[in-house]
Amino acid sequence: MNAQARLNARYGNDTLPAPAAWTPVIDHLLGHRSVRHYLPDAVSNEQLAAIVAAAQSAATSSNLQTWSVIAVRDAGTRAALAECAGGQAHVREAPLQLVWLADLARLAHIADRAGRPREGLEYLEMFVLAAIDAALAAQNALAAAESLGLAGCYIGGLRNQPERVAELLGLPPRVFAVFGMTLGSEDPARPAAVKPRLPQEVVLHQERYRPVAEQQPGIDAYDAAMAAFYAAQGMNVHGTWGVHSVKRVADGQALTGRDRLAEALHALGFGLR
Ligand SMILES: Cc1cc2nc3c(=O)[nH]c(=O)nc-3n(C[C@H](O)[C@H](O)[C@H](O)COP(=O)(O)O)c2cc1C
């Protein structure tokens, strides 16, 4: 696919100017698709080692490296994780599940061993820092996996039942599964498509934030692009992207268990002060 076609697919718009700045990395990133249908073929240990090296190459706050990842290949554990994530079939079926962890246990251990205070770990800032570290590492991992010809999908559904996930994976206090990530080889019989994103003028502000009301024409254009995407994919989606999206934030119940995340994090040993 050439650069223009990649860009058009990313925005669901075939009237965009020709991209003037382009590299193989940008080309690769714009080709991302979340994949939910896999072949049973395993992800090799060599592939996993390369993926984790890419993850560890992400920037990390103060070089604290407050994240870890668990590679789950066991079919029984994958099935149990799928149930935690609301019964998502692709979590059960993908040969590998990477569970990305915000991990403050290692720092607590190092402090205790050195006989140093570690009260700072009790603050919300440290949880946010660890979750950001985990997300940056995970995104490098996904991009790396995709460059190896593999495919994946983030699984935020694991946050529906954080304590159950912690129990399944033997997580110590101060370790939280931020999200999972299915990895495997895409089933060529059921390929995923590139999903359009909001126009750049909606998300890119110059110098100062532009009022949300001024973003509305771009949001309308995106609703139209997503309607075309849903139709092309044969997806039966009720309402526009906007309507569909706000349903996700209608009330606490719409968060499918994650409305009690603060309580769960406290139970898992995070102070969040
Ligand atoms: C943190 C995070 C959690 C996600 N959780 C899920 C999930 O539980 N199940 C799922 O099928 N997709 C999940 N996704 C995938 C998104 O639905 C997907 O990225 C989005 O629809 C855009 O599609 P694309 O990735 O194909 O471009 C998640 C994505 C992110 C970033």
# chains A, B, ... in the order shown; residues from 1 in each chain; ligands from 1

call {"tool": "residues_around", "arguments": {"residues": "segment 257-269 of chain A", "least_positions_apart": "4", "cutoff": "9 Å", "atoms": "only C-alpha atoms", "output": "PyMOL selection string"}}
result
chain A and resi 122+157+159-163+166+171-176+251-253

call {"tool": "residues_near_ligand", "arguments": {"ligand": "ligand 1", "cutoff": "9 Å", "atoms": "only C-alpha atoms and all ligand atoms", "output": "ChimeraX atom specification"}}
result
/A:10,31-36,85-86,88,90-91,135,139,152-159,178-181,192-197

call {"tool": "residues_around", "arguments": {"residues": "Gln215 of chain A", "least_positions_apart": "5", "cutoff": "12 Å", "atoms": "only C-alpha atoms", "output": "ChimeraX atom specification"}}
result
/A:198-205,209-210,220-222

call {"tool": "residues_around", "arguments": {"residues": "segment 37-46 of chain A", "least_positions_apart": "5", "cutoff": "9 Å", "atoms": "only C-alpha atoms", "output": "count of residues only"}}
result
20

call {"tool": "select_by_dssp", "arguments": {"residues": "segment 19-182 of chain A", "states": "strand (DSSP E or B)", "output": "NGL selection string"}}
result
:A and (34 or 38 or 67-72 or 96-103 or 151-155 or 175-182)

call {"tool": "atom_distance", "arguments": {"atom1": "atom CA of Asp14 of chain A", "atom2": "atom CA of Gln233 of chain A"}}
result
17.6 Å

call {"tool": "residues_around", "arguments": {"residues": "Glu119 of chain A", "least_positions_apart": "6", "cutoff": "12 Å", "atoms": "only C-alpha atoms", "output": "list in words"}}
result
Leu104, Leu107, Ala108, Ala111, Asp112, Met126, Phe270, Gly271, Leu272 and Arg273 of chain A

call {"tool": "residues_around", "arguments": {"residues": "Leu30 of chain A", "least_positions_apart": "6", "cutoff": "12 Å", "atoms": "only C-alpha atoms", "output": "mmCIF file with C-alpha atoms, in the first residue's frame"}}
result
data_model
loop_
_atom_site.group_PDB
_atom_site.id
_atom_site.type_symbol
_atom_site.label_atom_id
_atom_site.label_comp_id
_atom_site.auth_asym_id
_atom_site.auth_seq_id
_atom_site.Cartn_x
_atom_site.Cartn_y
_atom_site.Cartn_z
ATOM 1 C CA MET A 1 0.000 0.000 0.000
ATOM 2 C CA ASN A 2 1.455 3.430 -0.861
ATOM 3 C CA ALA A 3 1.706 6.339 1.602
ATOM 4 C CA GLN A 4 -1.339 8.151 0.238
ATOM 5 C CA ALA A 5 -3.501 5.027 0.508
ATOM 6 C CA ARG A 6 -2.306 4.392 4.076
ATOM 7 C CA LEU A 7 -3.135 7.960 5.089
ATOM 8 C CA ASN A 8 -6.538 7.856 3.406
ATOM 9 C CA ALA A 9 -7.400 4.593 5.181
ATOM 10 C CA ARG A 10 -6.312 6.001 8.561
ATOM 11 C CA TYR A 11 -8.718 8.918 8.209
ATOM 12 C CA TRP A 22 7.020 9.769 5.425
ATOM 13 C CA THR A 23 9.256 6.962 6.704
ATOM 14 C CA PRO A 24 8.995 3.172 6.907
ATOM 15 C CA ALA A 143 4.368 -2.126 17.146
ATOM 16 C CA GLU A 146 3.232 -6.161 14.154
ATOM 17 C CA SER A 147 6.604 -5.565 12.454
ATOM 18 C CA ALA A 193 -9.509 -3.490 8.594
ATOM 19 C CA VAL A 194 -7.747 -0.213 9.394
ATOM 20 C CA LYS A 195 -10.213 1.776 11.504
ATOM 21 C CA PRO A 196 -10.393 5.515 10.728
ATOM 22 C CA ARG A 197 -9.488 8.108 13.340
#

call {"tool": "atom_distance", "arguments": {"atom1": "atom CA of Ala177 of chain A", "atom2": "atom CA of Ala54 of chain A"}}
result
19.7 Å

call {"tool": "closest_residue", "arguments": {"among": "A:Val25, A:Asn13, A:His109, A:Trp67", "to": "Ala228 of chain A", "atoms": "only C-alpha atoms"}}
result
A:Asn13

call {"tool": "atom_distance", "arguments": {"atom1": "atom CA of Ala80 of chain A", "atom2": "atom CA of Leu142 of chain A"}}
result
22.7 Å

call {"tool": "select_by_dssp", "arguments": {"residues": "segment 21-250 of chain A", "states": "alpha helix (DSSP H)", "output": "VMD selection string"}}
result
chain A and resid 24 to 30 45 to 56 75 to 84 89 to 93 105 to 114 124 to 147 162 to 169 200 to 203 216 to 232 241 to 247

call {"tool": "residues_around", "arguments": {"residues": "Val128 of chain A", "least_positions_apart": "5", "cutoff": "10 Å", "atoms": "only C-alpha atoms", "output": "count of residues only"}}
result
5

call {"tool": "closest_residue", "arguments": {"among": "A:Arg106, A:Leu148, A:Pro117, A:Ala20", "to": "Leu48 of chain A", "atoms": "only C-alpha atoms"}}
result
A:Leu148

call {"tool": "decode", "arguments": {"residues": "segment 136-148 of chain A", "atoms": "all heavy atoms", "output": "CSV table (one decimal), in the first residue's frame"}}
result
chain,number,residue,atom,x,y,z
A,136,LEU,N,3.4,2.7,27.8
A,136,LEU,CA,4.4,3.0,26.8
A,136,LEU,C,5.2,1.8,26.3
A,136,LEU,O,5.4,1.6,25.1
A,136,LEU,CB,5.4,4.0,27.3
A,136,LEU,CG,4.8,5.4,27.7
A,136,LEU,CD1,5.9,6.3,28.3
A,136,LEU,CD2,4.2,6.1,26.5
A,137,ALA,N,5.5,0.9,27.3
A,137,ALA,CA,6.2,-0.3,27.0
A,137,ALA,C,5.3,-1.2,26.1
A,137,ALA,O,5.7,-1.8,25.1
A,137,ALA,CB,6.5,-1.1,28.3
A,138,ALA,N,4.0,-1.3,26.4
A,138,ALA,CA,3.1,-2.2,25.7
A,138,ALA,C,2.9,-1.7,24.2
A,138,ALA,O,2.9,-2.5,23.3
A,138,ALA,CB,1.7,-2.2,26.4
A,139,GLN,N,2.9,-0.4,24.0
A,139,GLN,CA,2.7,0.1,22.7
A,139,GLN,C,3.9,-0.2,21.8
A,139,GLN,O,3.8,-0.6,20.7
A,139,GLN,CB,2.3,1.6,22.7
A,139,GLN,CG,2.1,2.1,21.3
A,139,GLN,CD,1.0,1.4,20.4
A,139,GLN,OE1,0.1,0.8,21.0
A,139,GLN,NE2,1.2,1.4,19.1
A,140,ASN,N,5.1,-0.1,22.4
A,140,ASN,CA,6.3,-0.5,21.7
A,140,ASN,C,6.2,-1.9,21.3
A,140,ASN,O,6.6,-2.3,20.2
A,140,ASN,CB,7.6,-0.2,22.6
A,140,ASN,CG,8.3,1.1,22.2
A,140,ASN,OD1,7.7,1.9,21.6
A,140,ASN,ND2,9.5,1.2,22.6
A,141,ALA,N,5.8,-2.7,22.3
A,141,ALA,CA,5.7,-4.2,22.1
A,141,ALA,C,4.7,-4.5,20.9
A,141,ALA,O,5.0,-5.3,20.1
A,141,ALA,CB,5.2,-4.9,23.4
A,142,LEU,N,3.6,-3.8,20.9
A,142,LEU,CA,2.6,-4.1,19.9
A,142,LEU,C,3.2,-3.7,18.5
A,142,LEU,O,3.1,-4.5,17.5
A,142,LEU,CB,1.3,-3.4,20.1
A,142,LEU,CG,0.2,-3.7,19.2
A,142,LEU,CD1,-0.1,-5.2,19.1
A,142,LEU,CD2,-1.1,-2.9,19.5
A,143,ALA,N,3.8,-2.6,18.4
A,143,ALA,CA,4.4,-2.1,17.1
A,143,ALA,C,5.5,-3.1,16.7
A,143,ALA,O,5.5,-3.4,15.5
A,143,ALA,CB,4.9,-0.7,17.3
A,144,ALA,N,6.3,-3.6,17.7
A,144,ALA,CA,7.3,-4.5,17.3
A,144,ALA,C,6.7,-5.9,16.8
A,144,ALA,O,7.2,-6.4,15.8
A,144,ALA,CB,8.2,-4.8,18.5
A,145,ALA,N,5.7,-6.3,17.5
A,145,ALA,CA,5.0,-7.6,17.2
A,145,ALA,C,4.5,-7.5,15.7
A,145,ALA,O,4.6,-8.4,14.9
A,145,ALA,CB,3.9,-7.9,18.2
A,146,GLU,N,3.8,-6.4,15.5
A,146,GLU,CA,3.2,-6.2,14.2
A,146,GLU,C,4.3,-6.1,13.1
A,146,GLU,O,4.1,-6.6,12.0
A,146,GLU,CB,2.4,-4.9,14.1
A,146,GLU,CG,1.1,-5.0,15.0
A,146,GLU,CD,0.4,-3.7,15.2
A,146,GLU,OE1,1.0,-2.6,15.0
A,146,GLU,OE2,-0.8,-3.8,15.6
A,147,SER,N,5.5,-5.6,13.4
A,147,SER,CA,6.6,-5.6,12.5
A,147,SER,C,7.2,-7.0,12.2
A,147,SER,O,7.8,-7.2,11.2
A,147,SER,CB,7.7,-4.6,12.9
A,147,SER,OG,8.5,-5.3,13.9
A,148,LEU,N,6.9,-7.9,13.1
A,148,LEU,CA,7.3,-9.3,12.9
A,148,LEU,C,6.3,-10.1,12.1
A,148,LEU,O,6.4,-11.3,12.0
A,148,LEU,CB,7.6,-10.0,14.3
A,148,LEU,CG,8.8,-9.5,15.1
A,148,LEU,CD1,8.8,-10.0,16.5
A,148,LEU,CD2,10.1,-10.0,14.4
